[in-house]
$ cat data23.cif   # mmCIF, C-alpha atoms
data_query
#
loop_
_atom_site.label_atom_id
_atom_site.label_comp_id
_atom_site.auth_asym_id
_atom_site.auth_seq_id
_atom_site.Cartn_x
_atom_site.Cartn_y
_atom_site.Cartn_z
CA MET A 14 -14.83 -5.95 21.49
CA GLU A 15 -12.67 -5.33 24.53
CA PHE A 16 -10.21 -8.08 23.68
CA LEU A 17 -9.20 -6.28 20.50
CA GLY A 18 -7.39 -3.75 22.67
CA LEU A 19 -4.40 -2.50 20.74
CA PHE A 20 -4.62 -5.22 18.07
CA ASN A 21 -5.70 -2.77 15.36
CA TYR A 22 -2.71 -0.51 15.93
CA TRP A 23 -0.31 -3.44 15.79
CA VAL A 24 -1.76 -4.57 12.48
CA VAL A 25 -1.49 -1.01 11.22
CA ILE A 26 2.19 -1.06 12.12
CA VAL A 27 2.68 -4.44 10.42
CA LEU A 28 1.02 -3.15 7.23
CA MET A 29 2.99 0.08 7.41
CA MET A 30 6.25 -1.82 7.74
CA ILE A 31 5.35 -4.10 4.82
CA GLY A 32 4.79 -0.99 2.71
CA PHE A 33 8.02 0.53 4.01
CA TYR A 34 9.89 -2.68 3.16
CA ILE A 35 8.60 -2.59 -0.42
CA VAL A 36 9.63 1.04 -0.77
CA ILE A 37 13.17 0.37 0.46
CA CYS A 38 13.77 -2.99 -1.07
CA SER A 39 11.99 -3.09 -4.37
CA ASN A 40 14.02 -2.18 -7.39
CA ASN A 41 11.04 -1.45 -9.58
CA LEU A 42 9.64 2.07 -9.41
CA ILE A 43 6.03 0.99 -9.98
CA LYS A 44 6.25 -1.53 -7.17
CA LYS A 45 7.71 1.17 -4.95
CA LEU A 46 4.65 3.32 -5.64
CA ILE A 47 2.36 0.40 -4.74
CA GLY A 48 4.37 0.01 -1.53
CA LEU A 49 3.75 3.67 -0.79
CA THR A 50 0.02 3.07 -1.32
CA ILE A 51 0.07 0.25 1.23
CA PHE A 52 1.92 2.51 3.66
CA GLN A 53 -0.64 5.25 3.06
CA THR A 54 -3.62 2.93 3.52
CA SER A 55 -2.21 1.72 6.84
CA VAL A 56 -2.33 5.30 8.09
CA PHE A 57 -5.95 5.56 6.89
CA ILE A 58 -6.78 2.39 8.83
CA MET A 59 -5.15 3.82 11.93
CA TYR A 60 -7.18 7.03 11.83
CA ILE A 61 -10.44 5.23 11.17
CA SER A 62 -9.73 2.73 13.98
CA MET A 63 -9.11 5.58 16.40
CA GLY A 64 -12.45 7.12 15.51
CA LYS A 65 -14.49 3.97 16.11
CA ILE A 66 -16.50 3.75 19.32
CA THR A 67 -17.74 0.34 20.40
CA GLY A 68 -21.51 0.29 19.94
CA GLY A 69 -21.42 3.54 17.98
CA THR A 70 -22.87 4.03 14.54
CA ALA A 71 -22.10 6.00 11.40
CA PRO A 72 -22.15 9.78 12.01
CA VAL A 73 -25.40 10.54 10.18
CA LEU A 74 -27.72 12.12 12.72
CA ALA A 75 -30.97 10.25 13.31
CA ASP A 76 -33.61 10.10 16.02
CA GLY A 77 -33.09 7.60 18.78
CA ILE A 78 -29.34 7.25 18.32
CA THR A 79 -27.01 8.74 20.87
CA LEU A 80 -23.61 7.20 20.15
CA TYR A 81 -21.81 8.10 16.93
CA SER A 82 -18.31 7.22 15.80
CA ASN A 83 -15.92 10.10 15.27
CA PRO A 84 -16.78 12.06 12.10
CA LEU A 85 -13.63 14.19 12.18
CA THR A 86 -11.25 11.31 11.41
CA HIS A 87 -13.56 10.31 8.56
CA VAL A 88 -13.30 13.78 7.01
CA LEU A 89 -9.52 13.80 7.27
CA ILE A 90 -9.16 10.40 5.61
CA LEU A 91 -11.85 10.94 3.00
CA THR A 92 -9.98 13.88 1.52
CA ALA A 93 -6.62 12.18 2.04
CA ILE A 94 -7.69 9.25 -0.15
CA VAL A 95 -8.56 11.46 -3.11
CA VAL A 96 -5.44 13.59 -2.67
CA GLY A 97 -3.51 10.29 -2.42
CA ILE A 98 -4.69 9.06 -5.81
CA ALA A 99 -3.89 12.44 -7.36
CA THR A 100 -0.33 12.31 -6.05
CA THR A 101 0.04 8.64 -7.04
CA ALA A 102 -0.99 9.62 -10.56
CA LEU A 103 1.68 12.30 -10.52
CA GLY A 104 4.22 9.68 -9.38
CA LEU A 105 3.17 7.34 -12.18
CA ALA A 106 3.53 10.22 -14.65
CA ILE A 107 7.12 10.70 -13.47
CA VAL A 108 7.69 6.93 -13.88
CA VAL A 109 6.39 7.12 -17.45
CA ARG A 110 8.80 9.95 -18.22
CA ILE A 111 11.70 8.08 -16.62
CA HIS A 112 10.85 5.07 -18.74
CA GLU A 113 10.93 7.22 -21.86
CA SER A 114 14.29 8.73 -21.01
CA TYR A 115 16.07 5.66 -19.65
CA GLY A 116 14.16 2.79 -21.24
CA THR A 117 13.78 1.11 -17.86
CA VAL A 118 11.99 1.52 -14.53
CA GLU A 119 14.49 -0.54 -12.52
CA GLU A 120 16.38 1.61 -10.07
CA ASP A 121 19.83 0.01 -10.43
CA ASP A 122 19.68 0.15 -14.24
CA ILE A 123 18.87 3.85 -13.99
CA HIS A 124 21.86 4.41 -11.69
CA ALA A 125 24.08 2.43 -14.06
CA LYS A 126 22.98 4.58 -17.00
CA ASP A 127 23.55 7.73 -14.98
CA LYS A 128 27.11 6.64 -14.24
CA GLN A 129 27.81 5.92 -17.89
CA ALA A 130 26.66 9.36 -18.93
CA MET B 43 -19.71 -11.80 15.14
CA GLU B 44 -18.57 -8.29 14.35
CA SER B 45 -15.20 -8.89 15.99
CA PHE B 46 -14.86 -12.10 14.01
CA VAL B 47 -15.41 -10.29 10.70
CA HIS B 48 -13.07 -7.55 11.90
CA VAL B 49 -10.23 -9.98 12.62
CA VAL B 50 -10.78 -11.91 9.37
CA ILE B 51 -10.67 -8.77 7.21
CA ILE B 52 -7.56 -7.54 8.98
CA LEU B 53 -5.80 -10.88 8.50
CA MET B 54 -6.77 -10.86 4.82
CA LEU B 55 -5.29 -7.36 4.51
CA VAL B 56 -1.99 -8.53 5.99
CA THR B 57 -1.97 -11.62 3.75
CA THR B 58 -2.58 -9.51 0.64
CA ALA B 59 0.19 -7.11 1.63
CA ILE B 60 2.65 -9.97 2.12
CA ALA B 61 1.62 -11.44 -1.24
CA ILE B 62 2.37 -8.06 -2.85
CA VAL B 63 5.91 -8.22 -1.44
CA ARG B 64 6.50 -11.73 -2.77
CA VAL B 65 4.97 -11.59 -6.24
CA LYS B 66 7.21 -10.50 -9.13
CA ASP B 67 4.55 -10.24 -11.81
CA LEU B 68 3.50 -6.59 -11.66
CA PHE B 69 0.14 -7.34 -13.26
CA ALA B 70 -0.65 -9.66 -10.35
CA VAL B 71 0.71 -7.06 -7.92
CA THR B 72 -1.68 -4.48 -9.33
CA MET B 73 -4.63 -6.83 -8.98
CA LEU B 74 -3.59 -7.63 -5.42
CA ALA B 75 -3.37 -3.90 -4.70
CA GLY B 76 -6.93 -3.58 -5.98
CA ILE B 77 -8.03 -6.37 -3.65
CA TYR B 78 -6.19 -4.61 -0.84
CA GLY B 79 -8.15 -1.45 -1.58
CA LEU B 80 -11.46 -3.31 -1.61
CA LEU B 81 -10.62 -5.07 1.66
CA SER B 82 -9.75 -1.81 3.36
CA ALA B 83 -13.03 -0.35 2.07
CA SER B 84 -14.89 -3.26 3.70
CA PHE B 85 -12.96 -2.61 6.86
CA PHE B 86 -13.99 1.06 6.82
CA VAL B 87 -17.65 0.02 6.59
CA LEU B 88 -17.12 -2.08 9.70
CA MET B 89 -15.62 0.97 11.43
CA ASP B 90 -18.78 3.03 10.66
CA ALA B 91 -16.88 5.16 8.14
CA HIS B 92 -19.26 4.80 5.22
CA ASP B 93 -18.14 7.94 3.46
CA VAL B 94 -14.54 6.81 3.58
CA ALA B 95 -15.44 3.29 2.42
CA PHE B 96 -17.22 4.77 -0.57
CA THR B 97 -14.17 6.74 -1.57
CA GLU B 98 -11.70 3.95 -0.96
CA ALA B 99 -13.75 1.48 -3.00
CA ALA B 100 -13.91 3.87 -5.94
CA VAL B 101 -10.31 5.04 -5.70
CA GLY B 102 -8.32 2.15 -4.23
CA ALA B 103 -10.03 -0.68 -6.05
CA GLY B 104 -11.04 1.24 -9.15
CA ILE B 105 -9.14 4.20 -10.50
CA SER B 106 -5.73 3.51 -9.00
CA THR B 107 -5.74 -0.04 -10.38
CA LEU B 108 -6.58 1.31 -13.83
CA LEU B 109 -3.84 3.93 -13.73
CA VAL B 110 -1.19 1.43 -12.69
CA LEU B 111 -2.34 -0.97 -15.41
CA THR B 112 -2.07 1.77 -18.04
CA THR B 113 1.42 2.57 -16.81
CA LEU B 114 2.34 -1.11 -16.92
CA SER B 115 1.27 -1.28 -20.55
CA MET B 116 4.04 1.24 -21.22
CA THR B 117 6.77 0.02 -18.89
CA GLY B 118 6.50 -3.74 -19.02
CA ARG B 119 4.83 -6.36 -16.93
CA PHE B 120 7.62 -8.09 -15.05
CA GLU B 121 9.86 -6.87 -12.32
CA LYS B 122 13.47 -7.65 -13.14
CA ALA B 123 14.78 -10.62 -11.17
CA SER B 124 17.83 -9.46 -9.26
CA VAL B 125 20.78 -11.22 -10.87
CA LYS B 126 23.67 -9.37 -9.36
CA PRO B 127 25.05 -11.05 -6.22
CA GLN B 128 25.91 -7.75 -4.55
CA ALA B 129 22.22 -6.84 -4.54
CA ASP B 130 21.55 -9.65 -2.10
CA TYR B 131 22.42 -7.81 1.11
CA ARG B 132 19.64 -5.31 0.58
CA PRO B 133 16.63 -7.41 1.66
CA VAL B 134 18.36 -8.42 4.89
CA LEU B 135 19.33 -4.87 5.80
CA ALA B 136 15.86 -3.63 4.92
CA LEU B 137 14.25 -6.37 6.98
CA VAL B 138 16.36 -5.44 10.00
CA LEU B 139 15.51 -1.76 9.61
CA VAL B 140 11.82 -2.47 9.17
CA THR B 141 11.70 -4.83 12.16
CA VAL B 142 13.45 -2.35 14.44
CA THR B 143 11.20 0.51 13.34
CA GLY B 144 8.12 -1.66 13.72
CA ALA B 145 9.17 -2.82 17.20
CA LEU B 146 9.72 0.79 18.30
CA LEU B 147 6.32 1.80 16.94
CA ILE B 148 4.61 -1.13 18.68
CA TYR B 149 6.34 -0.06 21.90
CA GLY B 150 4.87 3.38 21.26
CA THR B 151 1.32 2.02 21.00
CA GLN B 152 1.41 1.08 24.70
CA ASP B 153 0.28 4.61 25.50
CA MET B 154 -2.63 4.50 23.06
CA PRO B 155 -6.17 4.22 24.43
CA GLY B 156 -7.79 0.84 23.77
CA PHE B 157 -9.77 0.28 20.59
CA GLY B 158 -13.35 1.53 20.68
CA THR B 159 -13.19 3.39 24.00
CA ALA B 160 -15.60 6.31 24.14
CA ASP B 161 -13.46 8.47 26.45
CA ALA B 162 -10.31 8.43 24.33
CA PRO B 163 -8.83 11.92 23.80
CA VAL B 164 -9.74 11.84 20.10
CA GLN B 165 -13.44 11.59 21.01
CA THR B 166 -13.59 14.25 23.70
CA HIS B 167 -12.23 17.50 22.30
CA VAL B 168 -13.88 19.11 19.30
CA VAL B 169 -16.05 16.22 18.10
CA PRO B 170 -18.85 16.46 20.72
CA ARG B 171 -19.45 20.02 19.57
CA TYR B 172 -19.82 18.92 15.96
CA LEU B 173 -22.17 16.09 16.92
CA ASN B 174 -24.31 18.19 19.27
CA ASP B 175 -24.52 21.50 17.43
CA SER B 176 -24.26 20.68 13.73
CA ALA B 177 -27.97 19.82 13.51
CA THR B 178 -28.96 23.33 14.58
CA GLU B 179 -26.01 25.23 13.06
CA ILE B 180 -25.80 23.53 9.67
CA GLY B 181 -29.10 21.74 9.49
CA ILE B 182 -27.99 18.59 7.66
CA PRO B 183 -27.88 15.11 9.16
CA ASN B 184 -24.56 13.89 7.72
CA VAL B 185 -22.00 15.26 10.18
CA VAL B 186 -19.14 14.21 7.89
CA ALA B 187 -20.50 16.47 5.16
CA SER B 188 -21.00 19.41 7.50
CA ILE B 189 -17.45 19.15 8.85
CA LEU B 190 -15.98 18.60 5.39
CA ALA B 191 -17.73 21.43 3.63
CA SER B 192 -18.45 23.92 6.39
CA TYR B 193 -16.53 23.63 9.67
CA ARG B 194 -13.34 22.66 7.87
CA GLY B 195 -14.08 24.29 4.55
CA TYR B 196 -10.58 25.76 4.41
CA ASP B 197 -8.92 22.33 4.56
CA THR B 198 -11.16 20.98 1.87
CA PHE B 199 -10.48 23.99 -0.32
CA GLY B 200 -6.77 23.30 0.06
CA GLU B 201 -7.28 19.67 -0.87
CA VAL B 202 -9.27 20.53 -3.98
CA VAL B 203 -6.45 22.84 -5.02
CA VAL B 204 -3.96 20.00 -4.46
CA ILE B 205 -6.00 17.69 -6.69
CA PHE B 206 -6.24 20.39 -9.35
CA THR B 207 -2.48 20.96 -9.15
CA ALA B 208 -1.80 17.24 -9.50
CA GLY B 209 -3.98 17.24 -12.62
CA ILE B 210 -1.94 20.10 -14.06
CA GLY B 211 1.26 18.28 -13.12
CA VAL B 212 0.22 15.11 -14.93
CA LEU B 213 -0.79 17.15 -17.97
CA ALA B 214 2.50 19.02 -17.97
CA MET B 215 4.54 15.86 -17.74
CA VAL B 216 2.88 13.35 -20.00
CA MET B 217 0.59 15.27 -22.32
CA SER B 218 1.20 14.17 -25.86
CA ASN B 219 0.60 16.51 -28.74
CA ALA B 220 -3.17 16.60 -28.95
CA THR B 221 -3.31 17.72 -32.57
CA LYS B 222 -1.46 14.64 -33.72
CA MET B 223 -3.64 12.18 -31.85
CA PRO B 224 -3.05 8.80 -33.41
CA VAL B 225 -6.11 6.89 -34.48
CA VAL B 226 -5.18 3.52 -33.12
CA GLN B 227 -7.53 0.63 -33.52
CA THR B 228 -5.87 -1.86 -31.23
CA ALA B 229 -8.04 -4.79 -30.18
CA LEU B 230 -10.94 -2.86 -28.74
CA MET B 231 -12.87 -4.38 -25.89
CA SER B 232 -16.09 -3.45 -27.67
CA ASP B 233 -15.60 -6.55 -29.80
CA HIS B 234 -16.76 -8.54 -26.80
CA VAL B 235 -20.55 -8.55 -27.02
CA VAL B 236 -21.20 -9.23 -23.34
CA LEU B 237 -18.84 -6.50 -22.18
CA ARG B 238 -20.29 -4.01 -24.62
CA ILE B 239 -23.96 -4.64 -23.83
CA VAL B 240 -23.51 -4.83 -20.06
CA SER B 241 -21.38 -1.70 -19.95
CA LYS B 242 -23.79 0.25 -22.13
CA MET B 243 -26.52 -0.61 -19.66
CA LEU B 244 -24.31 0.22 -16.68
CA ILE B 245 -22.82 3.55 -17.78
CA PRO B 246 -26.06 5.59 -17.42
CA LEU B 247 -26.74 3.95 -14.08
CA ILE B 248 -23.22 4.75 -12.86
CA MET B 249 -23.74 8.39 -13.79
CA LEU B 250 -27.14 8.49 -12.15
CA PHE B 251 -25.66 6.96 -9.03
CA ALA B 252 -22.88 9.54 -9.05
CA LEU B 253 -25.45 12.33 -9.18
CA TYR B 254 -27.33 10.71 -6.32
CA VAL B 255 -24.14 10.49 -4.27
CA GLN B 256 -23.39 14.12 -5.12
CA PHE B 257 -26.72 15.64 -4.18
CA HIS B 258 -27.75 13.25 -1.44
CA GLY B 259 -24.41 13.64 0.33
CA GLU B 260 -25.90 15.94 2.95
CA TYR B 261 -28.41 13.33 4.05
CA GLY B 262 -26.51 10.09 3.73
CA PRO B 263 -22.98 8.93 2.99
CA GLY B 264 -21.62 10.70 -0.05
CA GLY B 265 -20.46 14.05 -1.33
CA GLY B 266 -18.37 15.70 -3.98
CA PHE B 267 -15.23 13.61 -3.63
CA GLN B 268 -17.00 10.27 -4.00
CA ALA B 269 -19.39 11.49 -6.66
CA GLY B 270 -16.55 12.95 -8.72
CA VAL B 271 -14.63 9.69 -8.73
CA ILE B 272 -17.73 7.62 -9.56
CA PHE B 273 -18.77 10.01 -12.33
CA ALA B 274 -15.29 9.87 -13.85
CA SER B 275 -15.34 6.08 -13.75
CA ALA B 276 -18.33 6.07 -16.11
CA PHE B 277 -16.26 7.95 -18.73
CA ILE B 278 -13.23 5.80 -18.05
CA LEU B 279 -15.31 2.66 -18.61
CA TYR B 280 -16.51 4.12 -21.89
CA ALA B 281 -12.96 4.98 -22.96
CA MET B 282 -11.74 1.48 -22.12
CA LEU B 283 -14.49 -0.12 -24.17
CA PHE B 284 -14.66 2.03 -27.25
CA GLY B 285 -11.17 3.46 -27.33
CA LEU B 286 -9.80 6.87 -26.56
CA THR B 287 -10.76 8.40 -29.89
CA ALA B 288 -14.43 7.63 -29.38
CA ALA B 289 -14.27 8.86 -25.81
CA ARG B 290 -12.61 12.10 -26.92
CA ASN B 291 -15.58 12.69 -29.22
CA VAL B 292 -17.88 12.40 -26.21
CA VAL B 293 -15.85 14.55 -23.83
CA ASN B 294 -14.06 17.52 -25.26
CA HIS B 295 -10.59 17.63 -23.73
CA THR B 296 -10.43 21.43 -23.56
CA LEU B 297 -13.83 21.51 -21.90
CA VAL B 298 -12.73 19.02 -19.23
CA GLN B 299 -9.62 21.08 -18.55
CA LEU B 300 -11.77 24.20 -18.16
CA LEU B 301 -14.17 22.32 -15.89
CA SER B 302 -11.37 21.20 -13.59
CA ALA B 303 -10.51 24.84 -13.01
CA LEU B 304 -14.16 25.85 -12.82
CA GLY B 305 -14.75 23.60 -9.80
CA VAL B 306 -11.96 25.29 -7.85
CA LEU B 307 -13.24 28.68 -8.98
CA LEU B 308 -16.78 27.85 -7.82
CA TYR B 309 -15.47 26.80 -4.41
CA GLY B 310 -13.39 29.94 -4.05
CA SER B 311 -16.19 32.20 -5.29
CA VAL B 312 -18.56 30.93 -2.61
CA GLY B 313 -15.94 32.02 -0.08
CA VAL B 314 -15.52 35.42 -1.70
CA VAL B 315 -19.28 36.00 -1.86
CA ALA B 316 -19.44 35.28 1.87
CA MET B 317 -16.73 37.93 2.35
CA ILE B 318 -18.59 40.46 0.21
CA ASN B 319 -21.70 39.87 2.32
CA GLY B 320 -19.71 40.82 5.41
CA GLY B 321 -18.60 37.47 6.78
CA ASN B 322 -15.30 35.60 6.81
CA PHE B 323 -13.99 33.62 3.86
CA LEU B 324 -16.21 30.54 3.43
CA ASP B 325 -18.58 31.62 6.21
CA TYR B 326 -21.81 30.39 4.66
CA ASN B 327 -23.99 32.03 7.32
CA PHE B 328 -23.75 35.22 5.29
CA LEU B 329 -24.86 33.69 2.00
CA SER B 330 -28.53 34.11 2.88
CA ASP B 331 -30.67 36.00 5.38
CA ASP B 332 -31.28 32.79 7.26
CA PRO B 333 -27.93 31.34 8.48
CA VAL B 334 -29.07 27.71 8.19
CA ALA B 335 -30.34 28.24 4.65
CA GLY B 336 -27.02 29.92 3.87
CA GLN B 337 -25.15 26.90 5.21
CA MET B 338 -27.25 24.55 3.06
CA LEU B 339 -26.66 26.66 -0.05
CA GLY B 340 -22.94 27.01 0.66
CA ILE B 341 -22.44 23.28 1.21
CA LEU B 342 -24.40 22.43 -1.93
CA LEU B 343 -22.28 24.76 -4.10
CA VAL B 344 -18.99 23.80 -2.49
CA GLU B 345 -19.66 20.08 -2.87
CA LEU B 346 -20.62 20.72 -6.48
CA GLY B 347 -17.29 22.48 -7.02
CA VAL B 348 -15.44 19.57 -5.43
CA GLY B 349 -17.35 17.08 -7.56
CA ILE B 350 -16.65 18.94 -10.81
CA THR B 351 -12.94 19.30 -10.11
CA VAL B 352 -12.43 15.72 -8.90
CA ALA B 353 -14.35 14.22 -11.84
CA SER B 354 -12.56 16.28 -14.47
CA VAL B 355 -9.10 15.78 -12.96
CA MET B 356 -9.65 12.01 -12.86
CA ILE B 357 -10.82 12.03 -16.49
CA ILE B 358 -7.86 14.18 -17.51
CA ILE B 359 -5.38 11.92 -15.75
CA PHE B 360 -6.77 8.73 -17.26
CA PHE B 361 -7.09 10.13 -20.78
CA THR B 362 -3.58 11.59 -20.69
CA PHE B 363 -2.09 8.30 -19.57
CA THR B 364 -4.00 6.32 -22.17
CA ALA B 365 -3.08 8.73 -24.97
CA ARG B 366 0.56 8.39 -23.98
CA SER B 367 0.46 4.61 -23.93
CA GLN B 368 -1.18 4.48 -27.36
CA LYS B 369 1.45 6.83 -28.74
CA GLU B 370 4.16 4.57 -27.32
CA GLY B 371 2.43 1.55 -28.76
CA GLU B 372 2.59 3.17 -32.16
CA ALA B 373 6.25 4.05 -31.80
CA ASP B 374 7.22 0.45 -30.96
#
$ encode --input "data23.cif" --output "structure tokens"
Amino acid sequence: MEFLGLFNYWVVIVLMMIGFYIVICSNNLIKKLIGLTIFQTSVFIMYISMGKITGGTAPVLADGITLYSNPLTHVLILTAIVVGIATTALGLAIVVRIHESYGTVEEDDIHAKDKQA
Amino acid sequence: MESFVHVVIILMLVTTAIAIVRVKDLFAVTMLAGIYGLLSASFFVLMDAHDVAFTEAAVGAGISTLLVLTTLSMTGRFEKASVKPQADYRPVLALVLVTVTGALLIYGTQDMPGFGTADAPVQTHVVPRYLNDSATEIGIPNVVASILASYRGYDTFGEVVVIFTAGIGVLAMVMSNATKMPVVQTALMSDHVVLRIVSKMLIPLIMLFALYVQFHGEYGPGGGFQAGVIFASAFILYAMLFGLTAARNVVNHTLVQLLSALGVLLYGSVGVVAMINGGNFLDYNFLSDDPVAGQMLGILLVELGVGITVASVMIIIFFTFTARSQKEGEAD
């Protein structure tokens, strides 16, 4: 898989920038959160790509296998995913409350209502 | 062949992400995000990260999709089409910013070691020690589990506390008055015979599988985080089919709240017991006369604590959201 070279990292950056674009540009708070999730997942993909060794196998020790991919990056990302969903849920909870107070989840409508008040 | 699959999955990921940018229907966006999660899980399998793939499949494609859908049922399905002309400059500016940032980052990758190289810095520092010594020090084959629960037990403890805190945060923000729970009988999914029968057959198997993932995590891919999410999904499936009221009869809400704290307490207590026995916090060697047996016991208990907290926090979050959306539905 030599030809892959830095390809994975470039794709990670593309995905990260797509997520970033959604966060900046989308007016809808829920879509912003989904953009953040894409951003987050791109970081996961980067870590896991770094840990992969060509010809290696999953880090569960077994006889006759000498080359394992990096277990440390797996641990970091494994916990990050579950923490990620917990924080996303918190974000969605805030969105629900915003919707109850303002009647909308569109950013510019919220700003307009803030100015009126 | 492997590189071919690799490239195809990556291209599908990028395509899905671009589709998410373009689509205005938030229901479709949520489904695409679920597909994105499933694709990244497949990619993690390809990268030998089975534990991570497990988690991502359960979280990214499962629970997060459900939570967003529940939120959508309260906030509306469609993104507002931008009508104001002065809003038009934003996409262009954002695109410029994103392109510049991306170009700088790609320039930065020039210093990165190539993909899959065995002598990259990330592979040569602490990891060889884990791979070489964990079999004798910890005595379990899954190195991910031994790092997660033992070598880096502190980190994991912190993360469990974060999850617990997020559960409290969601409760504090959107908990509706539990005593005045509305008995809403909106079109229940249990009216669909196929869904009802298939799910009733699946729910016990899902729970059994979760227990397997929990207690077999030391020997194969799995552990508390994955098991907790899978276990919670069984209850969530039940709540979706038979309604929240029926699900509340099965799982007592106060009990689940207590359990979410109990998991953290169990994790912390294992650490304190190690201290009382003369070791450091979370040093499982001191849990038993035989260090390896102590490690096994410590990891088992700690993973159990993680599993209990994760499962109950996920159940709490989903039930709280659903209760809120039903209350809103009644108010409309």
$ resolve_selection --input "data23.cif" --expression "the PyMOL selection byres ((chain B) within 6 of (chain A))" --output "NGL selection string"
:B and (89-90 or 94 or 133 or 140 or 156-160 or 183-186 or 190 or 205 or 208 or 212)
$ resolve_selection --input "data23.cif" --expression "the PyMOL selection byres ((chain B and resi 262) around 9)" --output "PyMOL selection string"
(chain A and resi 73) or (chain B and resi 93+183-184+187+255+258-261+263-265)
$ write_last_selection --input "data23.cif" --atoms "C-alpha atoms" --output "mmCIF file, in the frame of the given file"
data_model
loop_
_atom_site.group_PDB
_atom_site.id
_atom_site.type_symbol
_atom_site.label_atom_id
_atom_site.label_comp_id
_atom_site.auth_asym_id
_atom_site.auth_seq_id
_atom_site.Cartn_x
_atom_site.Cartn_y
_atom_site.Cartn_z
ATOM 1 C CA VAL A 73 -25.400 10.540 10.180
ATOM 2 C CA ASP B 93 -18.140 7.940 3.460
ATOM 3 C CA PRO B 183 -27.880 15.110 9.160
ATOM 4 C CA ASN B 184 -24.560 13.890 7.720
ATOM 5 C CA ALA B 187 -20.500 16.470 5.160
ATOM 6 C CA VAL B 255 -24.140 10.490 -4.270
ATOM 7 C CA HIS B 258 -27.750 13.250 -1.440
ATOM 8 C CA GLY B 259 -24.410 13.640 0.330
ATOM 9 C CA GLU B 260 -25.900 15.940 2.950
ATOM 10 C CA TYR B 261 -28.410 13.330 4.050
ATOM 11 C CA PRO B 263 -22.980 8.930 2.990
ATOM 12 C CA GLY B 264 -21.620 10.700 -0.050
ATOM 13 C CA GLY B 265 -20.460 14.050 -1.330
#
$ resolve_selection --input "data23.cif" --expression "the PyMOL selection byres ((chain B and resi 342) around 12)" --output "PyMOL selection string"
chain B and resi 180+182+187-188+190-192+256-261+265-266+308-309+312+326+329+335-341+343-349
$ closest_residue --input "data23.cif" --among "B:Ala59, B:Ile272, B:His92, B:Leu68" --to "Ser115 in chain B" --atoms "all atoms listed in the file"
B:Leu68
$ atom_distance --input "data23.cif" --atom1 "CA of Thr151 in chain B" --atom2 "CA of Glu44 in chain B"
23.4 Å
$ closest_residue --input "data23.cif" --among "B:Thr178, B:Thr107, B:Ser84, B:Thr97" --to "Gly270 in chain B" --atoms "all atoms listed in the file"
B:Thr97
$ decode --input "data23.cif" --residues "range 70-102 of chain A" --atoms "C-alpha atoms" --output "PDB file, in the first residue's frame"
ATOM      1  CA  THR A  70      -3.227  -6.958  12.404  1.00  0.00           C
ATOM      2  CA  ALA A  71      -5.660  -6.007  15.143  1.00  0.00           C
ATOM      3  CA  PRO A  72      -3.930  -5.631  18.540  1.00  0.00           C
ATOM      4  CA  VAL A  73      -5.294  -8.790  20.158  1.00  0.00           C
ATOM      5  CA  LEU A  74      -2.295 -10.893  21.109  1.00  0.00           C
ATOM      6  CA  ALA A  75      -2.152 -14.326  19.493  1.00  0.00           C
ATOM      7  CA  ASP A  76       0.501 -16.931  18.790  1.00  0.00           C
ATOM      8  CA  GLY A  77       2.349 -16.666  15.526  1.00  0.00           C
ATOM      9  CA  ILE A  78       1.634 -12.986  14.958  1.00  0.00           C
ATOM     10  CA  THR A  79       4.407 -10.467  15.343  1.00  0.00           C
ATOM     11  CA  LEU A  80       3.110  -7.272  13.761  1.00  0.00           C
ATOM     12  CA  TYR A  81       0.228  -5.417  15.408  1.00  0.00           C
ATOM     13  CA  SER A  82      -1.271  -2.056  14.565  1.00  0.00           C
ATOM     14  CA  ASN A  83      -1.006   0.639  17.204  1.00  0.00           C
ATOM     15  CA  PRO A  84      -3.394  -0.039  20.121  1.00  0.00           C
ATOM     16  CA  LEU A  85      -2.813   3.329  21.789  1.00  0.00           C
ATOM     17  CA  THR A  86      -4.529   5.365  19.058  1.00  0.00           C
ATOM     18  CA  HIS A  87      -7.439   2.927  19.222  1.00  0.00           C
ATOM     19  CA  VAL A  88      -7.872   3.551  22.948  1.00  0.00           C
ATOM     20  CA  LEU A  89      -7.788   7.319  22.504  1.00  0.00           C
ATOM     21  CA  ILE A  90     -10.414   7.278  19.757  1.00  0.00           C
ATOM     22  CA  LEU A  91     -12.620   4.628  21.347  1.00  0.00           C
ATOM     23  CA  THR A  92     -13.221   6.798  24.387  1.00  0.00           C
ATOM     24  CA  ALA A  93     -13.387   9.957  22.276  1.00  0.00           C
ATOM     25  CA  ILE A  94     -16.316   8.547  20.285  1.00  0.00           C
ATOM     26  CA  VAL A  95     -18.426   7.893  23.367  1.00  0.00           C
ATOM     27  CA  VAL A  96     -17.505  11.232  24.926  1.00  0.00           C
ATOM     28  CA  GLY A  97     -18.346  12.784  21.535  1.00  0.00           C
ATOM     29  CA  ILE A  98     -21.891  11.433  21.530  1.00  0.00           C
ATOM     30  CA  ALA A  99     -22.383  12.588  25.119  1.00  0.00           C
ATOM     31  CA  THR A 100     -21.334  16.131  24.229  1.00  0.00           C
ATOM     32  CA  THR A 101     -23.401  16.073  21.022  1.00  0.00           C
ATOM     33  CA  ALA A 102     -26.412  15.119  23.127  1.00  0.00           C
TER      34      ALA A 102
END
